$ cat coords07.txt   # compact mmCIF, C-alpha atoms
# COMPACT_ATOMS: atom_id res chain seq x y z
CA MET H 227 -63.51 -180.99 77.48
CA SER H 228 -61.96 -184.42 77.04
CA ILE H 229 -58.63 -185.47 75.58
CA VAL H 230 -58.15 -188.94 74.10
CA ALA H 231 -54.70 -189.48 72.62
CA PRO H 232 -52.39 -192.29 71.50
CA ASP H 233 -49.93 -193.30 74.23
CA ARG H 234 -46.95 -192.83 71.87
CA GLU H 235 -46.07 -191.03 68.66
CA ARG H 236 -47.97 -192.51 65.75
CA SER H 237 -46.55 -190.76 62.73
CA ALA H 238 -47.55 -192.00 59.30
CA THR H 239 -50.20 -194.36 60.66
CA SER H 240 -52.72 -192.90 58.22
CA HIS H 241 -56.20 -194.27 58.81
CA ALA H 242 -54.96 -197.58 60.22
CA ILE H 243 -57.22 -199.13 62.83
CA THR H 244 -56.35 -201.80 65.36
CA VAL H 245 -58.11 -205.09 64.66
CA TYR H 246 -55.56 -207.77 65.72
CA HIS H 247 -55.23 -206.90 69.37
CA PRO H 248 -57.59 -205.32 71.87
CA LEU H 249 -57.31 -201.69 72.93
CA ARG H 250 -56.51 -200.53 76.46
CA VAL H 251 -57.49 -197.14 77.86
CA HIS H 252 -55.68 -195.44 80.77
CA PRO H 253 -56.92 -192.28 82.49
CA VAL H 254 -54.18 -189.65 82.70
CA PRO H 255 -54.01 -186.75 85.22
CA PHE H 256 -54.50 -183.42 83.47
CA SER H 257 -55.67 -179.87 84.16
CA GLU H 258 -58.75 -179.39 86.32
CA GLY H 259 -62.01 -179.87 84.47
CA ILE H 260 -60.40 -181.85 81.66
CA THR H 261 -60.68 -185.62 81.43
CA ALA H 262 -57.75 -187.23 79.64
CA TYR H 263 -57.12 -190.78 78.41
CA ALA H 264 -54.17 -192.54 76.80
CA VAL H 265 -54.98 -195.32 74.30
CA ASP H 266 -52.58 -197.94 72.94
CA GLY H 267 -54.03 -197.61 69.45
CA THR H 268 -53.95 -195.36 66.41
CA PRO H 269 -55.33 -191.81 66.18
CA ALA H 270 -58.45 -193.15 64.42
CA ASP H 271 -58.92 -195.73 67.23
CA CYS H 272 -58.82 -192.89 69.79
CA VAL H 273 -61.63 -191.01 68.10
CA ARG H 274 -63.81 -194.10 67.74
CA LEU H 275 -63.30 -195.01 71.41
CA ALA H 276 -63.93 -191.43 72.53
CA LEU H 277 -67.18 -191.06 70.62
CA GLU H 278 -68.59 -194.54 71.27
CA VAL H 279 -67.34 -195.32 74.78
CA LEU H 280 -65.44 -192.68 76.74
CA LEU H 281 -67.56 -189.56 76.42
CA THR H 282 -70.59 -189.58 78.66
CA ASP H 283 -74.06 -188.25 77.99
CA GLU H 284 -73.24 -185.36 80.35
CA ASP H 285 -70.18 -184.48 78.30
CA PRO H 286 -71.18 -185.13 74.68
CA CYS H 287 -68.94 -184.18 71.78
CA ASP H 288 -69.67 -181.02 69.77
CA ILE H 289 -66.53 -181.12 67.68
CA VAL H 290 -63.32 -183.17 67.40
CA ILE H 291 -60.02 -181.29 67.15
CA SER H 292 -57.21 -183.56 66.03
CA GLY H 293 -53.74 -182.26 66.81
CA ILE H 294 -51.89 -179.98 67.12
CA ASN H 295 -49.54 -182.11 65.03
CA ASP H 296 -45.83 -181.40 65.12
CA GLY H 297 -45.21 -180.74 61.42
CA VAL H 298 -47.42 -179.84 58.47
CA ASN H 299 -49.95 -182.13 56.76
CA LEU H 300 -50.16 -180.65 53.29
CA GLY H 301 -51.41 -181.78 49.93
CA THR H 302 -51.12 -185.41 48.96
CA ASP H 303 -49.53 -186.15 52.35
CA VAL H 304 -52.94 -186.06 54.02
CA ILE H 305 -53.38 -189.66 52.84
CA TYR H 306 -50.54 -190.71 55.20
CA SER H 307 -51.56 -188.49 58.11
CA GLY H 308 -52.84 -189.89 61.38
CA THR H 309 -53.89 -186.36 62.37
CA VAL H 310 -56.16 -185.94 59.36
CA SER H 311 -57.42 -189.53 59.62
CA ALA H 312 -58.51 -189.02 63.24
CA ALA H 313 -60.57 -186.01 62.14
CA MET H 314 -61.90 -188.11 59.25
CA GLU H 315 -62.99 -190.86 61.67
CA ALA H 316 -65.12 -188.25 63.46
CA VAL H 317 -66.64 -187.04 60.20
CA VAL H 318 -67.47 -190.62 59.17
CA MET H 319 -69.34 -190.86 62.49
CA GLY H 320 -71.23 -187.66 61.76
CA VAL H 321 -69.30 -185.40 64.18
CA PRO H 322 -67.70 -182.15 62.91
CA ALA H 323 -63.91 -182.12 63.01
CA LEU H 324 -60.70 -180.18 62.39
CA ALA H 325 -57.16 -181.43 61.86
CA VAL H 326 -54.55 -178.91 63.02
CA SER H 327 -50.82 -178.99 62.26
CA LEU H 328 -47.96 -176.61 63.05
CA ALA H 329 -45.02 -176.31 60.66
CA GLU H 330 -41.59 -177.36 61.85
CA GLY H 331 -39.29 -174.50 62.80
CA CYS H 332 -36.77 -173.19 65.30
CA PRO H 333 -37.92 -172.93 68.92
CA PRO H 334 -39.76 -171.30 70.52
CA ARG H 335 -42.58 -172.70 68.39
CA PRO H 336 -45.87 -170.75 68.34
CA TRP H 337 -48.06 -173.47 69.86
CA GLN H 338 -50.22 -170.87 71.60
CA THR H 339 -50.94 -169.03 68.35
CA ALA H 340 -51.73 -172.34 66.67
CA ALA H 341 -54.17 -173.17 69.47
CA GLU H 342 -55.90 -169.79 69.08
CA ILE H 343 -56.29 -170.33 65.35
CA ALA H 344 -57.67 -173.83 65.98
CA ALA H 345 -60.17 -172.43 68.49
CA ARG H 346 -61.30 -169.77 66.03
CA CYS H 347 -61.78 -172.37 63.27
CA ALA H 348 -63.71 -174.62 65.67
CA LEU H 349 -66.06 -171.82 66.73
CA GLN H 350 -66.73 -170.85 63.12
CA ALA H 351 -67.31 -174.49 62.17
CA LEU H 352 -69.81 -174.87 65.02
CA SER H 353 -71.70 -171.67 64.22
CA LYS H 354 -71.72 -171.92 60.42
CA GLY H 355 -71.63 -175.69 59.90
CA LEU H 356 -69.46 -177.80 57.63
CA ALA H 357 -70.67 -179.64 54.54
CA ASP H 358 -71.64 -183.25 55.10
CA GLY H 359 -68.62 -185.57 55.23
CA THR H 360 -66.16 -182.65 55.28
CA LEU H 361 -63.48 -181.66 57.79
CA LEU H 362 -61.15 -178.67 57.89
CA ASN H 363 -57.44 -179.33 57.52
CA VAL H 364 -55.61 -176.40 59.14
CA ASN H 365 -51.86 -175.81 58.74
CA ILE H 366 -50.03 -173.01 60.54
CA PRO H 367 -46.61 -171.55 59.70
CA SER H 368 -43.96 -171.52 62.43
CA THR H 369 -43.30 -167.77 62.21
CA PRO H 370 -46.15 -166.15 64.17
CA SER H 371 -44.71 -162.63 63.95
CA SER H 372 -45.05 -162.72 60.21
CA ILE H 373 -48.30 -164.64 59.70
CA GLN H 374 -49.96 -162.88 56.80
CA GLY H 375 -53.49 -164.11 57.42
CA VAL H 376 -55.64 -167.13 56.58
CA LYS H 377 -56.25 -168.59 53.13
CA ILE H 378 -58.96 -171.04 52.12
CA THR H 379 -57.09 -173.54 49.97
CA ARG H 380 -57.20 -176.78 48.01
CA LEU H 381 -54.80 -179.67 48.53
CA SER H 382 -51.55 -179.45 46.60
CA SER H 383 -49.76 -182.28 44.80
CA ARG H 384 -46.81 -183.27 46.92
CA ARG H 385 -44.29 -185.84 45.70
CA TYR H 386 -41.13 -187.26 47.19
CA MET H 387 -37.67 -187.40 45.71
CA ASN H 388 -35.37 -190.26 46.67
CA GLY H 389 -38.06 -192.05 48.68
CA ILE H 390 -36.05 -195.10 49.76
CA HIS H 391 -32.57 -195.24 51.32
CA ARG H 392 -30.61 -198.49 51.03
CA ARG H 393 -28.17 -199.44 53.80
CA VAL H 394 -26.22 -202.49 54.95
CA ASP H 395 -26.40 -203.72 58.56
CA PRO H 396 -23.34 -204.84 60.62
CA ARG H 397 -24.00 -208.43 59.54
CA GLY H 398 -23.78 -207.44 55.88
CA ARG H 399 -27.51 -207.64 55.16
CA VAL H 400 -29.39 -205.02 53.18
CA TYR H 401 -32.20 -202.99 54.72
CA TYR H 402 -34.22 -200.00 53.56
CA TRP H 403 -35.53 -196.82 55.15
CA ARG H 404 -38.51 -194.92 53.86
CA ALA H 405 -37.23 -191.39 53.41
CA GLY H 406 -37.63 -188.77 50.76
CA THR H 407 -37.59 -185.03 50.37
CA PRO H 408 -41.02 -183.53 49.78
CA VAL H 409 -41.34 -181.62 46.54
CA ASP H 410 -44.26 -179.22 46.66
CA ASN H 411 -45.43 -177.53 43.57
CA GLU H 412 -45.59 -174.20 45.42
CA GLY H 413 -46.45 -172.46 42.21
CA GLN H 414 -49.87 -174.18 42.17
CA ALA H 415 -52.24 -171.27 42.78
CA GLY H 416 -54.74 -171.64 45.59
CA THR H 417 -53.07 -174.63 47.26
CA ASP H 418 -52.21 -175.20 50.91
CA ALA H 419 -48.49 -175.54 50.08
CA GLN H 420 -48.46 -172.18 48.35
CA ALA H 421 -50.27 -170.52 51.26
CA LEU H 422 -47.78 -171.85 53.82
CA ALA H 423 -44.82 -170.88 51.62
CA SER H 424 -46.20 -167.32 51.54
CA GLY H 425 -46.61 -167.12 55.32
CA TYR H 426 -50.35 -167.79 55.47
CA VAL H 427 -52.37 -170.24 57.52
CA SER H 428 -54.08 -172.70 55.15
CA VAL H 429 -57.61 -173.96 55.79
CA THR H 430 -58.61 -176.75 53.39
CA PRO H 431 -62.00 -178.48 53.29
CA VAL H 432 -61.30 -182.21 52.97
CA HIS H 433 -63.93 -184.91 52.41
CA TYR H 434 -63.88 -188.68 52.39
CA ASP H 435 -65.65 -189.28 49.10
CA MET H 436 -62.67 -189.97 46.87
CA THR H 437 -64.80 -190.85 43.83
CA HIS H 438 -63.34 -189.19 40.74
CA TYR H 439 -66.67 -188.04 39.34
CA ALA H 440 -65.13 -186.62 36.17
CA SER H 441 -64.13 -190.17 35.14
CA LEU H 442 -67.56 -191.78 35.58
CA GLU H 443 -68.92 -191.00 32.14
CA ARG H 444 -65.68 -191.77 30.34
CA LEU H 445 -65.43 -195.22 31.90
CA GLN H 446 -68.86 -196.16 30.55
CA ASP H 447 -67.26 -196.70 27.14
CA TRP H 448 -64.72 -199.20 28.43
CA ARG H 449 -65.21 -202.84 27.51
CA LEU H 450 -65.14 -204.50 30.90
CA ASP H 451 -67.88 -207.08 30.62
CA LEU H 452 -66.81 -210.69 30.57
CA LEU H 453 -69.66 -211.71 28.26
CA MET N 151 -44.19 -209.85 36.10
CA SER N 152 -43.14 -209.19 39.68
CA ILE N 153 -44.97 -209.72 42.94
CA VAL N 154 -44.11 -207.66 46.03
CA ALA N 155 -46.32 -208.44 49.02
CA PRO N 156 -46.42 -207.96 52.79
CA ASP N 157 -45.07 -210.99 54.66
CA ARG N 158 -48.28 -211.25 56.77
CA GLU N 159 -51.89 -210.15 56.68
CA ARG N 160 -52.12 -206.38 56.99
CA SER N 161 -55.84 -205.71 57.27
CA ALA N 162 -56.97 -202.19 58.10
CA THR N 163 -53.48 -200.73 57.76
CA SER N 164 -54.85 -198.04 55.46
CA HIS N 165 -52.10 -195.87 54.00
CA ALA N 166 -49.75 -196.41 56.94
CA ILE N 167 -46.06 -196.36 56.05
CA THR N 168 -43.15 -197.70 58.05
CA VAL N 169 -40.91 -194.94 59.38
CA TYR N 170 -39.72 -196.21 62.80
CA HIS N 171 -37.93 -199.35 61.72
CA PRO N 172 -36.16 -200.32 58.53
CA LEU N 173 -37.71 -202.59 55.93
CA ARG N 174 -36.38 -206.01 54.97
CA VAL N 175 -37.01 -207.71 51.65
CA HIS N 176 -36.87 -211.48 51.10
CA PRO N 177 -37.05 -213.15 47.68
CA VAL N 178 -39.68 -215.90 47.60
CA PRO N 179 -39.78 -218.86 45.16
CA PHE N 180 -42.72 -218.55 42.77
CA SER N 181 -43.84 -219.69 39.32
CA GLU N 182 -41.31 -219.59 36.49
CA GLY N 183 -40.82 -216.15 35.01
CA ILE N 184 -42.26 -214.38 38.03
CA THR N 185 -40.04 -212.65 40.58
CA ALA N 186 -41.60 -212.49 44.04
CA TYR N 187 -40.59 -210.67 47.22
CA ALA N 188 -41.93 -210.61 50.78
CA VAL N 189 -41.60 -207.31 52.69
CA ASP N 190 -42.04 -206.80 56.44
CA GLY N 191 -43.93 -203.54 55.87
CA THR N 192 -47.34 -202.25 54.88
CA PRO N 193 -48.98 -202.58 51.46
CA ALA N 194 -47.98 -198.98 50.65
CA ASP N 195 -44.38 -199.76 51.63
CA CYS N 196 -44.38 -202.71 49.21
CA VAL N 197 -45.38 -200.52 46.29
CA ARG N 198 -42.82 -197.83 47.09
CA LEU N 199 -40.04 -200.43 47.40
CA ALA N 200 -41.14 -202.18 44.22
CA LEU N 201 -41.19 -199.04 42.12
CA GLU N 202 -38.06 -197.38 43.52
CA VAL N 203 -35.79 -200.34 44.27
CA LEU N 204 -36.89 -203.85 43.29
CA LEU N 205 -38.02 -203.52 39.70
CA THR N 206 -35.17 -203.34 37.24
CA ASP N 207 -34.87 -201.30 34.09
CA GLU N 208 -35.35 -204.55 32.13
CA ASP N 209 -38.61 -205.20 33.93
CA PRO N 210 -40.21 -201.77 34.41
CA CYS N 211 -43.71 -201.37 35.79
CA ASP N 212 -46.60 -200.68 33.41
CA ILE N 213 -49.36 -200.99 35.99
CA VAL N 214 -49.75 -201.95 39.67
CA ILE N 215 -52.50 -204.42 40.57
CA SER N 216 -53.15 -204.43 44.32
CA GLY N 217 -54.94 -207.51 45.59
CA ILE N 218 -56.91 -209.67 45.14
CA ASN N 219 -58.08 -208.77 48.65
CA ASP N 220 -60.09 -211.31 50.61
CA GLY N 221 -63.25 -209.26 51.23
CA VAL N 222 -64.79 -206.16 49.65
CA ASN N 223 -63.44 -202.61 49.90
CA LEU N 224 -66.56 -200.54 49.35
CA GLY N 225 -67.61 -196.95 49.94
CA THR N 226 -66.22 -195.11 52.92
CA ASP N 227 -64.22 -198.21 53.88
CA VAL N 228 -61.64 -197.42 51.22
CA ILE N 229 -60.09 -194.99 53.71
CA TYR N 230 -59.16 -197.98 55.94
CA SER N 231 -58.06 -200.26 53.12
CA GLY N 232 -54.46 -201.33 52.67
CA THR N 233 -55.42 -202.73 49.24
CA VAL N 234 -56.69 -199.39 47.97
CA SER N 235 -53.82 -197.49 49.63
CA ALA N 236 -51.21 -199.63 47.87
CA ALA N 237 -52.82 -198.74 44.55
CA MET N 238 -52.92 -195.10 45.68
CA GLU N 239 -49.20 -195.17 46.45
CA ALA N 240 -48.58 -196.16 42.84
CA VAL N 241 -50.83 -193.38 41.55
CA VAL N 242 -49.03 -190.82 43.74
CA MET N 243 -45.83 -192.00 42.04
CA GLY N 244 -47.38 -191.55 38.60
CA VAL N 245 -47.94 -195.25 37.84
CA PRO N 246 -51.43 -196.50 36.83
CA ALA N 247 -53.05 -198.84 39.34
CA LEU N 248 -56.05 -201.00 40.22
CA ALA N 249 -57.24 -202.25 43.60
CA VAL N 250 -59.09 -205.56 43.33
CA SER N 251 -61.23 -207.19 46.05
CA LEU N 252 -63.36 -210.33 46.12
CA ALA N 253 -66.45 -210.45 48.35
CA GLU N 254 -66.57 -212.96 51.18
CA GLY N 255 -68.66 -216.05 50.50
CA CYS N 256 -68.87 -219.81 50.78
CA PRO N 257 -66.09 -221.83 49.16
CA PRO N 258 -65.18 -222.50 46.45
CA ARG N 259 -64.50 -218.79 45.95
CA PRO N 260 -64.22 -217.52 42.35
CA TRP N 261 -60.62 -216.30 42.55
CA GLN N 262 -60.04 -217.25 38.91
CA THR N 263 -62.99 -215.18 37.71
CA ALA N 264 -61.80 -212.26 39.86
CA ALA N 265 -58.34 -212.52 38.29
CA GLU N 266 -59.84 -212.49 34.78
CA ILE N 267 -61.86 -209.37 35.60
CA ALA N 268 -58.76 -207.71 37.05
CA ALA N 269 -56.77 -208.55 33.91
CA ARG N 270 -59.51 -207.09 31.70
CA CYS N 271 -59.60 -203.87 33.74
CA ALA N 272 -55.81 -203.62 33.61
CA LEU N 273 -55.71 -204.03 29.82
CA GLN N 274 -58.41 -201.41 29.34
CA ALA N 275 -56.64 -199.03 31.74
CA LEU N 276 -53.39 -199.46 29.79
CA SER N 277 -54.98 -198.95 26.40
CA LYS N 278 -57.38 -196.12 27.26
CA GLY N 279 -55.54 -194.41 30.12
CA LEU N 280 -56.78 -193.29 33.51
CA ALA N 281 -57.24 -189.68 34.57
CA ASP N 282 -54.27 -188.18 36.40
CA GLY N 283 -54.16 -189.19 40.08
CA THR N 284 -56.95 -191.75 39.63
CA LEU N 285 -57.04 -195.51 40.27
CA LEU N 286 -59.77 -198.08 39.67
CA ASN N 287 -61.27 -199.76 42.72
CA VAL N 288 -62.73 -203.08 41.55
CA ASN N 289 -65.02 -205.22 43.74
CA ILE N 290 -66.26 -208.63 42.63
CA PRO N 291 -69.23 -210.60 44.03
CA SER N 292 -68.59 -214.13 45.27
CA THR N 293 -71.23 -215.75 43.10
CA PRO N 294 -69.63 -216.08 39.66
CA SER N 295 -72.48 -218.07 38.14
CA SER N 296 -74.82 -215.16 38.65
CA ILE N 297 -72.57 -212.16 37.95
CA GLN N 298 -74.83 -209.74 36.10
CA GLY N 299 -72.10 -207.65 34.51
CA VAL N 300 -69.93 -204.66 35.37
CA LYS N 301 -71.13 -201.29 36.65
CA ILE N 302 -69.15 -198.05 36.77
CA THR N 303 -69.95 -196.70 40.22
CA ARG N 304 -69.29 -194.02 42.82
CA LEU N 305 -68.28 -194.75 46.41
CA SER N 306 -71.16 -195.37 48.81
CA SER N 307 -71.48 -194.08 52.36
CA ARG N 308 -70.78 -196.99 54.66
CA ARG N 309 -71.19 -196.65 58.42
CA TYR N 310 -70.74 -199.07 61.27
CA MET N 311 -73.21 -200.01 63.99
CA ASN N 312 -71.88 -201.01 67.39
CA GLY N 313 -68.28 -200.21 66.49
CA ILE N 314 -66.63 -201.03 69.83
CA HIS N 315 -67.04 -204.16 71.98
CA ARG N 316 -66.16 -203.90 75.68
CA ARG N 317 -64.82 -207.00 77.48
CA VAL N 318 -63.11 -207.83 80.76
CA ASP N 319 -59.89 -209.85 80.87
CA PRO N 320 -59.19 -212.71 83.33
CA ARG N 321 -57.51 -210.21 85.67
CA GLY N 322 -60.66 -208.09 85.79
CA ARG N 323 -59.38 -205.31 83.55
CA VAL N 324 -61.42 -203.75 80.78
CA TYR N 325 -60.35 -203.95 77.16
CA TYR N 326 -61.99 -203.02 73.87
CA TRP N 327 -62.23 -204.56 70.41
CA ARG N 328 -62.89 -202.58 67.29
CA ALA N 329 -65.85 -204.32 65.72
CA GLY N 330 -69.01 -203.15 64.06
CA THR N 331 -71.50 -204.28 61.49
CA PRO N 332 -71.28 -202.38 58.21
CA VAL N 333 -74.43 -200.56 57.23
CA ASP N 334 -74.49 -199.81 53.54
CA ASN N 335 -77.04 -197.53 52.11
CA GLU N 336 -77.70 -199.98 49.28
CA GLY N 337 -80.51 -197.82 48.03
CA GLN N 338 -78.00 -195.13 46.97
CA ALA N 339 -78.27 -195.24 43.18
CA GLY N 340 -75.03 -195.63 41.26
CA THR N 341 -72.90 -196.74 44.20
CA ASP N 342 -70.48 -199.63 44.53
CA ALA N 343 -72.49 -201.11 47.41
CA GLN N 344 -75.67 -201.14 45.34
CA ALA N 345 -73.89 -202.76 42.40
CA LEU N 346 -72.48 -205.58 44.57
CA ALA N 347 -75.84 -206.13 46.25
CA SER N 348 -77.39 -206.56 42.79
CA GLY N 349 -74.80 -209.11 41.68
CA TYR N 350 -72.62 -206.74 39.61
CA VAL N 351 -68.91 -206.12 39.63
CA SER N 352 -68.29 -202.49 40.68
CA VAL N 353 -65.54 -200.39 39.08
CA THR N 354 -65.06 -197.05 40.86
CA PRO N 355 -62.60 -194.33 39.81
CA VAL N 356 -60.91 -193.14 43.03
CA HIS N 357 -58.53 -190.21 43.28
CA TYR N 358 -56.32 -188.81 46.02
CA ASP N 359 -57.40 -185.18 45.88
CA MET N 360 -59.82 -185.10 48.81
CA THR N 361 -60.40 -181.33 48.56
CA HIS N 362 -64.11 -180.60 48.94
CA TYR N 363 -64.24 -178.06 46.13
CA ALA N 364 -67.91 -177.22 46.74
CA SER N 365 -66.93 -175.76 50.15
CA LEU N 366 -64.18 -173.45 48.92
CA GLU N 367 -66.34 -170.47 48.10
CA ARG N 368 -68.54 -170.81 51.16
CA LEU N 369 -65.56 -170.81 53.51
CA GLN N 370 -64.39 -167.45 52.11
CA ASP N 371 -67.08 -165.77 54.22
CA TRP N 372 -65.85 -167.27 57.48
CA ARG N 373 -64.08 -164.98 59.92
CA LEU N 374 -60.87 -166.84 60.53
CA ASP N 375 -58.30 -164.06 60.60
CA LEU N 376 -56.67 -163.30 63.92
CA LEU N 377 -56.31 -159.60 63.13
$ encode --input "coords07.txt" --output "structure tokens"
Amino acid sequence: MSIVAPDRERSATSHAITVYHPLRVHPVPFSEGITAYAVDGTPADCVRLALEVLLTDEDPCDIVISGINDGVNLGTDVIYSGTVSAAMEAVVMGVPALAVSLAEGCPPRPWQTAAEIAARCALQALSKGLADGTLLNVNIPSTPSSIQGVKITRLSSRRYMNGIHRRVDPRGRVYYWRAGTPVDNEGQAGTDAQALASGYVSVTPVHYDMTHYASLERLQDWRLDLL
Amino acid sequence: MSIVAPDRERSATSHAITVYHPLRVHPVPFSEGITAYAVDGTPADCVRLALEVLLTDEDPCDIVISGINDGVNLGTDVIYSGTVSAAMEAVVMGVPALAVSLAEGCPPRPWQTAAEIAARCALQALSKGLADGTLLNVNIPSTPSSIQGVKITRLSSRRYMNGIHRRVDPRGRVYYWRAGTPVDNEGQAGTDAQALASGYVSVTPVHYDMTHYASLERLQDWRLDLL
């Protein structure tokens, strides 16, 4: 098994890739039998480097497991998530992948339980196969004693209230923080947010084809031609 | 009309958002009647700031036009695109949006033609309405004299050959560049890549719900429960 990880926290990097400066890779001591590298790039950079450069023919990649992220990646938020984007980078390259995230909560956090759930999902994905271009986005509640089970879900719609905070610096100049309180529509049946809110693990198949097929026919009637 | 733009090129930033440092906004002189701001954040940050802070009640936002990007944003590449992500940020906030990109080519580039096509798409989107959660991703060929028309398309599958270059610095240390030659499957009927290759403008409806609905039923049979 190999681990390739960013050398610092990379929250909210989404599917950013590093194109303005070169990437450096540093081997890191780890448990016996596990090769580990730190990369000064984004999560998606790590996966690309791992699959194209760092993994050897003797240690090829069967599946990419991205995470375990500290905090959920639910609903619309997957578009901001470095964890999900790293798994997506693998899928784009034709390698099966999971993204795994553990909900915030009071310590001790159930990282071990989360790892066992991730392993189970990975084994099932390897034996049964995922649809082309599709990863599994797995979110785990932080209360292992009361986990109700696993639900197969769709992505919820998550919006943010009060998304920008305005402040004034000591020199009297205005600056802004991105902020916001997530508002999940937990009443949406069958969604990942609803599953988590009810104490379930959510497993959501996520794919990179964002075409809105239902709009294709409707748009044919639009008058877009310049002629 | 207002313009809110990153203060430098932000290629391949995808849907990254700035959470580690605050954002600064600087007014920029522009044409009469147009308010313009430069932001030291990502394209998605610009849209969030514009819609929550910078636009006034006297100048509310009817539609967000992201671009015109210098270079196409086709197929799978939309997951890396700051241009498309800025439009997506608007859609997440419930505001209609287009992403507009002009193909690379020899100068003079047809920026004016691209702007006219963008304006036409925007007017149609405002009068006919877009599906909930859906933006239009518009790509324009760089040969205006031979534009064949407009095609409503789906996203193509775009992969990269030789995605990482390995080099050695003057001190003898290895570094890597993200690189790669895009490989479009231009034979895929109905795709954006095929439309561009045939001299057409592509207009693709793109939405943020990346759930792979076709997998939902199949995954019900998986044995994922820990019990």
$ residues_around --input "coords07.txt" --residues "Leu173 (chain N)" --least-positions-apart "3" --cutoff "10 Å" --atoms "all atoms listed in the file" --output "list in words"
Ile390, Arg392, Val400, Tyr401, Tyr402, Trp403 and Arg404 of chain H; Thr168, Val169, Tyr170, Val189, Asp190, Gly191, Thr192, Asp195, Cys196 and Leu199 of chain N
$ interface_residues --input "coords07.txt" --of "chain N" --to "chain H" --cutoff "7 Å" --atoms "all atoms listed in the file" --output "PDB file with C-alpha atoms, in the frame of the given file"
ATOM      1  CA  ALA N 162     -56.970-202.190  58.100  1.00  0.00           C
ATOM      2  CA  THR N 163     -53.480-200.730  57.760  1.00  0.00           C
ATOM      3  CA  SER N 164     -54.850-198.040  55.460  1.00  0.00           C
ATOM      4  CA  HIS N 165     -52.100-195.870  54.000  1.00  0.00           C
ATOM      5  CA  ALA N 166     -49.750-196.410  56.940  1.00  0.00           C
ATOM      6  CA  ILE N 167     -46.060-196.360  56.050  1.00  0.00           C
ATOM      7  CA  THR N 168     -43.150-197.700  58.050  1.00  0.00           C
ATOM      8  CA  VAL N 169     -40.910-194.940  59.380  1.00  0.00           C
ATOM      9  CA  PRO N 172     -36.160-200.320  58.530  1.00  0.00           C
ATOM     10  CA  LEU N 173     -37.710-202.590  55.930  1.00  0.00           C
ATOM     11  CA  ARG N 174     -36.380-206.010  54.970  1.00  0.00           C
ATOM     12  CA  GLU N 202     -38.060-197.380  43.520  1.00  0.00           C
ATOM     13  CA  THR N 226     -66.220-195.110  52.920  1.00  0.00           C
ATOM     14  CA  ILE N 229     -60.090-194.990  53.710  1.00  0.00           C
ATOM     15  CA  TYR N 230     -59.160-197.980  55.940  1.00  0.00           C
ATOM     16  CA  ARG N 270     -59.510-207.090  31.700  1.00  0.00           C
ATOM     17  CA  CYS N 271     -59.600-203.870  33.740  1.00  0.00           C
ATOM     18  CA  GLN N 274     -58.410-201.410  29.340  1.00  0.00           C
ATOM     19  CA  ALA N 281     -57.240-189.680  34.570  1.00  0.00           C
ATOM     20  CA  THR N 284     -56.950-191.750  39.630  1.00  0.00           C
ATOM     21  CA  GLY N 299     -72.100-207.650  34.510  1.00  0.00           C
ATOM     22  CA  VAL N 300     -69.930-204.660  35.370  1.00  0.00           C
ATOM     23  CA  ILE N 302     -69.150-198.050  36.770  1.00  0.00           C
ATOM     24  CA  ARG N 304     -69.290-194.020  42.820  1.00  0.00           C
ATOM     25  CA  LEU N 305     -68.280-194.750  46.410  1.00  0.00           C
ATOM     26  CA  ILE N 314     -66.630-201.030  69.830  1.00  0.00           C
ATOM     27  CA  TYR N 325     -60.350-203.950  77.160  1.00  0.00           C
ATOM     28  CA  TYR N 326     -61.990-203.020  73.870  1.00  0.00           C
ATOM     29  CA  TRP N 327     -62.230-204.560  70.410  1.00  0.00           C
ATOM     30  CA  ARG N 328     -62.890-202.580  67.290  1.00  0.00           C
ATOM     31  CA  THR N 354     -65.060-197.050  40.860  1.00  0.00           C
ATOM     32  CA  PRO N 355     -62.600-194.330  39.810  1.00  0.00           C
ATOM     33  CA  VAL N 356     -60.910-193.140  43.030  1.00  0.00           C
ATOM     34  CA  HIS N 357     -58.530-190.210  43.280  1.00  0.00           C
ATOM     35  CA  TYR N 358     -56.320-188.810  46.020  1.00  0.00           C
ATOM     36  CA  ASP N 359     -57.400-185.180  45.880  1.00  0.00           C
ATOM     37  CA  MET N 360     -59.820-185.100  48.810  1.00  0.00           C
ATOM     38  CA  THR N 361     -60.400-181.330  48.560  1.00  0.00           C
ATOM     39  CA  HIS N 362     -64.110-180.600  48.940  1.00  0.00           C
ATOM     40  CA  SER N 365     -66.930-175.760  50.150  1.00  0.00           C
ATOM     41  CA  LEU N 366     -64.180-173.450  48.920  1.00  0.00           C
ATOM     42  CA  LEU N 369     -65.560-170.810  53.510  1.00  0.00           C
ATOM     43  CA  GLN N 370     -64.390-167.450  52.110  1.00  0.00           C
ATOM     44  CA  TRP N 372     -65.850-167.270  57.480  1.00  0.00           C
ATOM     45  CA  LEU N 374     -60.870-166.840  60.530  1.00  0.00           C
ATOM     46  CA  ASP N 375     -58.300-164.060  60.600  1.00  0.00           C
TER      47      ASP N 375
END
$ atom_distance --input "coords07.txt" --atom1 "CA of Val214 (chain N)" --atom2 "CA of Leu201 (chain N)"
9.4 Å
$ atom_distance --input "coords07.txt" --atom1 "CA of Asp233 (chain H)" --atom2 "CA of Val197 (chain N)"
29.2 Å
$ atom_distance --input "coords07.txt" --atom1 "CA of Ala343 (chain N)" --atom2 "CA of Gly221 (chain N)"
12.9 Å
$ residues_around --input "coords07.txt" --residues "Pro257 (chain N)" --least-positions-apart "3" --cutoff "12 Å" --atoms "all atoms listed in the file" --output "list in words"
Ala253, Glu254, Pro260, Trp261, Ser292, Thr293 and Pro294 of chain N
